[in-house]
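Text of the file run_10.cif, holding mmCIF, C-alpha atoms:
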```cif
data_input
#
loop_
_atom_site.label_atom_id
_atom_site.label_comp_id
_atom_site.auth_asym_id
_atom_site.auth_seq_id
_atom_site.Cartn_x
_atom_site.Cartn_y
_atom_site.Cartn_z
CA MET A 1 -9.38 84.77 11.60
CA GLN A 2 -7.78 82.77 8.78
CA ARG A 3 -6.40 80.20 11.28
CA LYS A 4 -9.89 79.74 12.78
CA ALA A 5 -11.40 79.17 9.34
CA TYR A 6 -8.75 76.54 8.55
CA VAL A 7 -9.52 74.57 11.73
CA THR A 8 -13.24 74.80 11.07
CA GLY A 9 -12.74 73.48 7.52
CA THR A 10 -10.64 70.55 8.75
CA ALA A 11 -13.26 69.58 11.31
CA ALA A 12 -15.92 69.64 8.61
CA LEU A 13 -13.83 67.36 6.42
CA LEU A 14 -13.43 64.82 9.26
CA VAL A 15 -17.15 64.84 9.87
CA ALA A 16 -17.80 64.17 6.19
CA LEU A 17 -15.34 61.25 6.13
CA LEU A 18 -16.87 59.71 9.26
CA ALA A 19 -20.33 60.08 7.81
CA GLY A 20 -19.18 58.34 4.62
CA CYS A 21 -17.74 55.39 6.60
CA THR A 22 -20.93 55.11 8.61
CA SER A 23 -23.15 55.11 5.57
CA GLY A 24 -20.97 52.39 3.91
CA SER A 25 -21.30 49.98 6.80
CA GLY A 26 -24.91 49.09 6.15
CA ASP A 27 -26.36 45.89 4.67
CA GLU A 28 -24.63 46.11 1.32
CA GLY A 29 -22.69 42.82 2.03
CA PRO A 30 -18.96 42.15 2.34
CA THR A 31 -16.35 43.94 0.30
CA ASP A 32 -14.34 42.22 -2.42
CA ASN A 33 -11.58 41.19 0.01
CA ALA A 34 -13.89 39.87 2.71
CA ASN A 35 -14.44 36.14 3.28
CA PRO A 36 -18.05 34.90 3.23
CA GLY A 37 -19.44 33.49 6.41
CA THR A 38 -18.79 34.65 9.95
CA ALA A 39 -16.36 37.53 10.12
CA GLY A 40 -12.90 36.55 11.41
CA THR A 41 -13.50 32.80 11.06
CA ALA A 42 -10.93 30.88 8.96
CA THR A 43 -11.63 27.58 7.23
CA PRO A 44 -10.29 24.81 9.53
CA ALA A 45 -7.33 22.87 8.12
CA ALA A 46 -7.81 19.17 7.39
CA GLN A 47 -6.54 16.75 10.01
CA PRO A 48 -2.93 15.55 9.72
CA GLY A 49 -2.26 11.83 9.38
CA LYS A 50 -1.59 9.49 12.28
CA TYR A 51 2.01 8.81 11.30
CA ARG A 52 4.83 11.38 11.38
CA SER A 53 7.68 8.93 10.64
CA LEU A 54 8.35 5.46 9.19
CA PRO A 55 9.99 2.30 10.53
CA GLU A 56 13.45 1.19 9.44
CA ALA A 57 12.48 -0.99 6.47
CA CYS A 58 15.31 -3.52 6.57
CA GLY A 59 14.61 -4.15 10.24
CA ALA A 60 10.86 -4.53 9.75
CA VAL A 61 11.01 -8.24 8.81
CA ASP A 62 12.36 -10.62 11.43
CA HIS A 63 14.70 -13.56 10.79
CA ASP A 64 12.03 -16.21 11.31
CA THR A 65 9.84 -14.66 8.63
CA LEU A 66 12.79 -14.37 6.24
CA ASP A 67 13.65 -18.04 6.87
CA THR A 68 10.12 -18.97 5.80
CA MET A 69 9.81 -16.67 2.81
CA LEU A 70 13.39 -17.11 1.60
CA PRO A 71 14.34 -20.74 2.36
CA GLY A 72 17.68 -20.29 0.61
CA ILE A 73 18.99 -18.13 3.47
CA GLY A 74 19.23 -21.19 5.68
CA GLN A 75 21.38 -22.91 3.05
CA ILE A 76 24.06 -20.20 3.06
CA THR A 77 27.02 -21.78 4.84
CA ASP A 78 29.20 -18.69 5.22
CA PRO A 79 28.07 -16.82 8.39
CA ASP A 80 28.99 -13.39 7.01
CA GLN A 81 27.13 -13.97 3.75
CA ARG A 82 24.12 -15.31 5.62
CA GLU A 83 24.04 -12.26 7.90
CA LYS A 84 24.30 -9.99 4.85
CA ALA A 85 21.32 -11.79 3.29
CA TYR A 86 19.30 -11.24 6.48
CA GLN A 87 20.15 -7.52 6.48
CA GLY A 88 18.78 -6.98 2.99
CA GLU A 89 19.46 -4.03 0.72
CA ALA A 90 17.87 -0.68 1.54
CA ALA A 91 16.06 1.12 -1.28
CA LEU A 92 17.49 4.45 -2.38
CA THR A 93 15.53 7.29 -0.79
CA TYR A 94 16.08 10.98 -0.19
CA ASN A 95 13.68 11.40 2.72
CA THR A 96 13.34 8.52 5.17
CA ASP A 97 10.40 10.26 6.86
CA ARG A 98 8.42 10.01 3.63
CA ARG A 99 9.48 6.73 1.98
CA VAL A 100 11.64 3.72 2.85
CA GLY A 101 12.06 0.23 1.42
CA CYS A 102 14.19 -2.90 1.52
CA ARG A 103 14.87 -5.95 -0.68
CA TRP A 104 16.02 -9.47 0.12
CA LYS A 105 17.04 -12.33 -2.16
CA ALA A 106 18.09 -15.93 -1.59
CA SER A 107 18.43 -19.04 -3.76
CA SER A 108 17.93 -22.63 -2.73
CA GLY A 109 18.17 -25.85 -4.67
CA ALA A 110 14.48 -25.51 -5.59
CA ALA A 111 14.00 -21.81 -6.37
CA THR A 112 15.17 -18.22 -6.13
CA ASP A 113 12.98 -16.10 -3.85
CA ARG A 114 12.81 -12.32 -3.66
CA LEU A 115 11.04 -10.10 -1.16
CA ALA A 116 10.57 -6.33 -1.27
CA VAL A 117 8.84 -4.12 1.31
CA ASP A 118 7.97 -0.46 0.72
CA PHE A 119 6.53 2.09 3.18
CA GLU A 120 5.21 5.44 1.94
CA ARG A 121 3.98 8.15 4.31
CA VAL A 122 1.58 10.43 2.46
CA VAL A 123 1.37 14.13 3.28
CA SER A 124 -1.24 16.44 1.79
CA TYR A 125 -0.21 19.98 0.95
CA ASP A 126 -3.83 21.03 0.46
CA ASN A 127 -5.43 22.40 3.63
CA ALA A 128 -8.80 21.14 2.41
CA VAL A 129 -7.55 17.54 1.99
CA SER A 130 -6.40 15.44 4.94
CA ASP A 131 -3.33 13.20 4.84
CA ASP A 132 -5.61 10.16 5.15
CA ASP A 133 -7.70 11.26 2.16
CA GLN A 134 -4.59 11.85 0.09
CA ALA A 135 -3.26 8.40 1.06
CA GLN A 136 -6.60 6.83 0.13
CA LYS A 137 -6.37 8.50 -3.28
CA LEU A 138 -2.88 7.06 -3.81
CA PHE A 139 -4.05 3.60 -2.71
CA LEU A 140 -7.02 3.66 -5.10
CA GLU A 141 -4.73 4.65 -7.97
CA GLN A 142 -2.53 1.63 -7.25
CA GLU A 143 -5.56 -0.65 -6.97
CA THR A 144 -6.92 0.65 -10.28
CA THR A 145 -3.57 0.03 -11.95
CA ALA A 146 -3.59 -3.55 -10.62
CA ASP A 147 -6.86 -4.07 -12.55
CA LEU A 148 -8.30 -6.66 -10.18
CA PRO A 149 -10.91 -9.00 -11.69
CA GLU A 150 -14.52 -8.82 -10.61
CA PRO A 151 -15.25 -11.12 -7.65
CA SER A 152 -16.35 -14.55 -8.80
CA ALA A 153 -19.98 -15.53 -8.23
CA PRO A 154 -20.57 -18.27 -5.63
CA ALA A 155 -20.34 -21.70 -7.15
CA SER A 156 -23.59 -23.62 -7.69
CA PRO A 157 -24.21 -26.56 -5.35
CA THR A 158 -22.79 -29.78 -6.74
CA PRO A 159 -25.56 -32.32 -7.53
CA THR A 160 -25.53 -35.45 -5.40
CA ALA A 161 -23.79 -38.26 -7.23
CA SER A 162 -25.84 -41.34 -8.05
CA ALA A 163 -24.73 -44.85 -7.37
CA ASP A 164 -23.78 -45.21 -11.06
CA ASP A 165 -21.32 -42.32 -10.66
CA ASP A 166 -19.37 -43.93 -7.84
CA ALA A 167 -16.91 -45.41 -10.25
CA SER A 168 -15.99 -42.01 -11.70
CA PRO A 169 -12.88 -40.43 -10.19
CA SER A 170 -13.59 -37.34 -8.06
CA VAL A 171 -10.17 -35.78 -8.61
CA SER A 172 -8.71 -34.89 -12.00
CA GLN A 173 -5.43 -36.59 -12.59
CA SER A 174 -2.54 -35.87 -14.86
CA PRO A 175 -1.28 -38.44 -17.38
CA SER A 176 1.35 -39.49 -14.84
CA GLY A 177 -1.38 -40.28 -12.32
CA SER A 178 -0.66 -37.47 -9.86
CA ALA A 179 -3.48 -35.19 -8.71
CA THR A 180 -3.61 -31.65 -10.08
CA GLU A 181 -2.95 -29.05 -7.37
CA SER A 182 -6.20 -27.30 -6.50
CA SER A 183 -4.39 -24.03 -5.67
CA SER A 184 -2.83 -23.70 -9.10
CA GLY A 185 -5.70 -24.30 -11.51
CA ALA A 186 -5.31 -24.43 -15.28
CA ALA A 187 -1.89 -23.45 -16.60
CA GLY A 188 -0.76 -22.39 -13.14
CA ALA A 189 -3.52 -19.81 -12.67
CA PRO A 190 -4.86 -19.39 -9.11
CA SER A 191 -8.18 -21.03 -8.31
CA ALA A 192 -11.22 -18.78 -7.83
CA GLU A 193 -10.67 -18.17 -4.11
CA LEU A 194 -7.03 -17.23 -4.77
CA GLN A 195 -7.64 -14.79 -7.62
CA PRO A 196 -6.42 -11.18 -7.21
CA ARG A 197 -8.92 -9.55 -4.87
CA VAL A 198 -9.72 -6.96 -2.22
CA LEU A 199 -8.77 -7.96 1.33
CA ALA A 200 -11.23 -6.98 4.02
CA ASP A 201 -9.19 -7.88 7.11
CA LEU A 202 -6.03 -5.83 6.67
CA GLY A 203 -5.47 -2.18 7.60
CA ASP A 204 -8.03 0.41 6.53
CA GLU A 205 -8.13 -1.09 3.03
CA ALA A 206 -6.05 -3.63 1.15
CA TYR A 207 -5.80 -5.78 -1.96
CA LEU A 208 -3.80 -8.76 -3.22
CA ASP A 209 -2.50 -9.36 -6.73
CA ASP A 210 -1.12 -12.66 -8.09
CA GLN A 211 0.67 -12.78 -11.43
CA LEU A 212 2.42 -15.63 -13.23
CA ALA A 213 5.01 -14.86 -15.88
CA THR A 214 7.25 -16.96 -18.11
CA SER A 215 10.88 -15.94 -18.20
CA GLY A 216 13.32 -16.58 -21.03
CA SER A 217 13.32 -20.24 -20.07
CA THR A 218 10.14 -22.24 -19.58
CA ALA A 219 10.24 -21.83 -15.79
CA GLU A 220 7.37 -19.85 -14.30
CA GLN A 221 7.87 -16.86 -12.01
CA ARG A 222 5.03 -16.01 -9.66
CA THR A 223 4.73 -12.57 -8.06
CA VAL A 224 2.32 -11.99 -5.20
CA THR A 225 1.73 -8.36 -4.25
CA VAL A 226 -0.08 -7.20 -1.13
CA VAL A 227 -0.84 -3.48 -0.73
CA PHE A 228 -2.55 -2.02 2.32
CA ARG A 229 -3.22 1.40 3.81
CA THR A 230 -3.39 2.34 7.45
CA SER A 231 -4.15 6.03 8.00
CA ASN A 232 -1.64 8.00 5.90
CA VAL A 233 0.85 5.16 5.30
CA VAL A 234 0.68 2.85 2.27
CA VAL A 235 2.63 -0.42 2.52
CA THR A 236 3.52 -2.58 -0.49
CA ILE A 237 4.88 -6.14 -0.30
CA GLU A 238 6.18 -7.93 -3.40
CA TYR A 239 7.05 -11.61 -3.05
CA GLU A 240 8.51 -13.48 -6.04
CA GLU A 241 9.51 -17.08 -6.59
CA GLN A 242 11.41 -18.41 -9.62
CA PRO A 243 11.71 -22.23 -9.68
CA MET A 244 14.96 -23.84 -10.76
CA ALA A 245 13.26 -26.77 -12.49
CA THR A 246 11.97 -26.23 -16.01
CA GLY A 247 8.18 -26.15 -16.14
CA ALA A 248 7.75 -25.95 -12.36
CA VAL A 249 5.03 -23.59 -11.13
CA PRO A 250 5.22 -21.88 -7.69
CA ASP A 251 2.27 -22.69 -5.47
CA SER A 252 -0.12 -19.75 -5.37
CA LYS A 253 -1.68 -20.49 -1.98
CA GLU A 254 1.66 -20.94 -0.28
CA LEU A 255 3.05 -17.65 -1.54
CA GLN A 256 -0.16 -15.76 -0.80
CA ASP A 257 -0.33 -17.13 2.74
CA ARG A 258 3.24 -16.06 3.42
CA ALA A 259 2.75 -12.58 1.96
CA ARG A 260 -0.50 -12.03 3.86
CA LYS A 261 1.07 -13.16 7.12
CA LEU A 262 3.89 -10.66 6.68
CA ALA A 263 1.40 -7.91 5.82
CA SER A 264 -0.52 -8.62 9.04
CA GLN A 265 2.72 -8.44 11.04
CA LEU A 266 3.63 -5.09 9.49
CA ALA A 267 0.13 -3.70 10.08
CA ASP A 268 0.30 -4.77 13.74
CA ALA A 269 3.74 -3.19 14.09
CA LEU A 270 2.37 0.08 12.70
CA GLY A 271 -0.55 -0.14 15.07
CA GLY A 272 -3.05 -0.18 12.21
#
```
I'd like the structure from this file rewritten - as structure tokens, please.
Amino acid sequence: MQRKAYVTGTAALLVALLAGCTSGSGDEGPTDNANPGTAGTATPAAQPGKYRSLPEACGAVDHDTLDTMLPGIGQITDPDQREKAYQGEAALTYNTDRRVGCRWKASSGAATDRLAVDFERVVSYDNAVSDDDQAQKLFLEQETTADLPEPSAPASPTPTASADDDASPSVSQSPSGSATESSSGAAGAPSAELQPRVLADLGDEAYLDDQLATSGSTAEQRTVTVVFRTSNVVVTIEYEEQPMATGAVPDSKELQDRARKLASQLADALGG
């Protein structure tokens, strides 16, 4: 009789537990550990970036482009030294799938030119942020640091000259009689259309910076920087020219054209 009472008591306890579970499964809402929304549905991870690897940086610029951007390479008479100049110097990196770079340098009788190319593949470690969004954030930080000027307003139409104005020269001339270069502007500054600016025809987004600095001598060094993003890769090009002649100023348009052409080639090679 005692054994039968024990079994009956156990069965009653099970019934009570089941009743408690049933009564707790009503419309009281999810428990503390439950996720809101549809049961069993996880938040989808953000999309990975298009690129999973990077190109070999020192092989990304062909010889013809280097001949144009670094004219001094063609003046190197020793074949081994010339080939070494073409190969460039790889940037120190600890993960070639995440960042690679290369630098080249050559001097001619007119100037010393330097070129640097940097590729950075951005990876987001936040499931809610895609690689592309993280790369865009990095790009915007670089653009903000560059502190680009506001776009210049369109110039007003030039009034039609009268007959009395025909004798006035239409081009400003220096005391020596030579015309001032339109691409350089006052004190070597780029003209309005060559000012640092956003570029609308390169990658997903891009900008160009143009800076002129005076070294220890009176020669002027110009640095043109082009940065563009395509998906989760940010590419930076730095192109510098230091004239040999005192007081010489590198031509802004020429350097910008060369840097932009290289940027377009790299974007095409990436497929961006």
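Closest to Val226 of chain A among A:Ala135, A:Ala245, A:Ala200, A:Ala263 is A:Ala263, based on only C-alpha atoms.
Restricting the calculation to only C-alpha atoms, the smallest distance between Ala106 of chain A and any of A:Asp62, A:Glu240, A:Glu220, A:Glu141 is found for A:Glu240.
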Legend entry - Two-atom distance - atom CA of Asp204 of chain A, atom CA of Phe228 of chain A (Å): 7.3 Å
Legend entry - Target residues per the PyMOL selection byres ((chain A and resi 54) around 6), formatted as a VMD selection string: chain A and resid 53 55 97
Inset, instruction - Would you translate the PyMOL selection byres ((chain A and resi 211) around 6) into the concrete set of residues it matches in this file, as a list in words? - result: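 Going through the file, the PyMOL selection byres ((chain A and resi 211) around 6) ends up selecting Asp210, Leu212, Arg222 and Thr223 of chain A.
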Extract, using only C-alpha atoms, all DNA, RNA and protein residues at most 8 Å from Val234 of chain A, discarding same-chain residues fewer than 6 positions from it, and format them as a PDB file with C-alpha atoms, in the coordinates of the input.
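Saved to out.pdb:
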```pdb
ATOM      1  CA  PHE A 119       6.530   2.090   3.180  1.00  0.00           C
ATOM      2  CA  GLU A 120       5.210   5.440   1.940  1.00  0.00           C
ATOM      3  CA  ARG A 121       3.980   8.150   4.310  1.00  0.00           C
ATOM      4  CA  VAL A 122       1.580  10.430   2.460  1.00  0.00           C
ATOM      5  CA  ALA A 135      -3.260   8.400   1.060  1.00  0.00           C
ATOM      6  CA  PHE A 139      -4.050   3.600  -2.710  1.00  0.00           C
ATOM      7  CA  VAL A 227      -0.840  -3.480  -0.730  1.00  0.00           C
ATOM      8  CA  PHE A 228      -2.550  -2.020   2.320  1.00  0.00           C
TER       9      PHE A 228
END
```
Inset, instruction - Could you give me, as a VMD selection string, the residues that have an atom at most 10 Å away from the point (-3.7, -5.6, 10.9) in the coordinates of the file, using all atoms listed in the file? - result: chain A and resid 201 to 204 228 to 230 261 263 to 272
Go ahead and fit an axis-aligned box to every listed atom of segment 55-67 of chain A plus 4 Å each side, and pass me the centre and edge lengths in Å, one decimal, as JSON.
```
{"center_x": 12.6, "center_y": -7.9, "center_z": 8.8, "size_x": 13.5, "size_y": 28.3, "size_z": 13.2}
```
Inset, instruction - Point out the residue among A:Val100, A:Val233, A:Met69, A:Ala192 with the least atom-to-atom distance to Glu254 of chain A, counting only C-alpha atoms. - result: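 Using only C-alpha atoms, the shortest distance to Glu254 of chain A belongs to A:Met69.
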Inset, instruction - Work out how far atom CA of Asp257 of chain A is from atom CA of Thr68 of chain A, in Å to one decimal. - result: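 Atom-to-atom, atom CA of Thr68 of chain A and atom CA of Asp257 of chain A are spaced 11.0 Å apart.
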Inset, instruction - Counting all atoms listed in the file, figure out which residue out of A:Arg114, A:Gly101, A:Asp147, A:Thr96 gets nearest to Tyr239 of chain A. - result: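 Counting all atoms listed in the file, the residue closest to Tyr239 of chain A is A:Arg114.
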Legend entry - All residues 6 Å or closer to Pro196 of chain A, all atoms listed in the file, same chain fewer than 3 positions away omitted, as a list in words: Leu148, Leu208, Asp209 and Asp210 of chain A
Inset, instruction - Show which residues sit within 12 Å of Asp133 of chain A, as a list in words. Count only C-alpha atoms, and ignore same-chain residues fewer than 2 positions away. - result: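 Contacts, with the query itself left out: Ala46, Gln47, Pro48, Gly49, Lys50, Val122, Val123, Ser124, Tyr125, Asp126, Asn127, Ala128, Val129, Ser130, Asp131, Ala135, Gln136, Lys137, Leu138, Phe139, Leu140, Asp204, Arg229, Thr230, Ser231, Asn232, Val233 and Val234 of chain A.
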Export of the given selection (C-alpha atoms) as a PDB file, keeping the file's coordinate frame:
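Contents of the output file result.pdb:
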```pdb
ATOM      1  CA  ALA A  46      -7.810  19.170   7.390  1.00  0.00           C
ATOM      2  CA  GLN A  47      -6.540  16.750  10.010  1.00  0.00           C
ATOM      3  CA  PRO A  48      -2.930  15.550   9.720  1.00  0.00           C
ATOM      4  CA  GLY A  49      -2.260  11.830   9.380  1.00  0.00           C
ATOM      5  CA  LYS A  50      -1.590   9.490  12.280  1.00  0.00           C
ATOM      6  CA  VAL A 122       1.580  10.430   2.460  1.00  0.00           C
ATOM      7  CA  VAL A 123       1.370  14.130   3.280  1.00  0.00           C
ATOM      8  CA  SER A 124      -1.240  16.440   1.790  1.00  0.00           C
ATOM      9  CA  TYR A 125      -0.210  19.980   0.950  1.00  0.00           C
ATOM     10  CA  ASP A 126      -3.830  21.030   0.460  1.00  0.00           C
ATOM     11  CA  ASN A 127      -5.430  22.400   3.630  1.00  0.00           C
ATOM     12  CA  ALA A 128      -8.800  21.140   2.410  1.00  0.00           C
ATOM     13  CA  VAL A 129      -7.550  17.540   1.990  1.00  0.00           C
ATOM     14  CA  SER A 130      -6.400  15.440   4.940  1.00  0.00           C
ATOM     15  CA  ASP A 131      -3.330  13.200   4.840  1.00  0.00           C
ATOM     16  CA  ALA A 135      -3.260   8.400   1.060  1.00  0.00           C
ATOM     17  CA  GLN A 136      -6.600   6.830   0.130  1.00  0.00           C
ATOM     18  CA  LYS A 137      -6.370   8.500  -3.280  1.00  0.00           C
ATOM     19  CA  LEU A 138      -2.880   7.060  -3.810  1.00  0.00           C
ATOM     20  CA  PHE A 139      -4.050   3.600  -2.710  1.00  0.00           C
ATOM     21  CA  LEU A 140      -7.020   3.660  -5.100  1.00  0.00           C
ATOM     22  CA  ASP A 204      -8.030   0.410   6.530  1.00  0.00           C
ATOM     23  CA  ARG A 229      -3.220   1.400   3.810  1.00  0.00           C
ATOM     24  CA  THR A 230      -3.390   2.340   7.450  1.00  0.00           C
ATOM     25  CA  SER A 231      -4.150   6.030   8.000  1.00  0.00           C
ATOM     26  CA  ASN A 232      -1.640   8.000   5.900  1.00  0.00           C
ATOM     27  CA  VAL A 233       0.850   5.160   5.300  1.00  0.00           C
ATOM     28  CA  VAL A 234       0.680   2.850   2.270  1.00  0.00           C
TER      29      VAL A 234
END
```
Legend entry - Pick from A:Ala57, A:Gln242, A:Ile73, A:Ala110, whichever lies nearest to Thr93 of chain A using all atoms listed in the file: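 Nearest candidate to Thr93 of chain A out of A:Ala57, A:Gln242, A:Ile73, A:Ala110: A:Ala57.
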Inset, instruction - Find the distance between atom CA of His63 of chain A and atom CA of Gln256 of chain A and write it in Å to one decimal. - result: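 Atom-to-atom, atom CA of His63 of chain A to atom CA of Gln256 of chain A, that is 19.0 Å.
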Inset, instruction - Tell me, as a VMD selection string, which residues lie within 10 Å of Val61 of chain A, counting all atoms listed in the file; anything in the same chain fewer than 6 positions away does not count. - result: chain A and resid 86 to 88 102 117 262 265 to 266
Legend entry - Shortest interatomic distance to Gly74 of chain A - which of A:Asp132, A:Leu255, A:Thr112, A:Ser107, counting all atoms listed in the file: A:Ser107
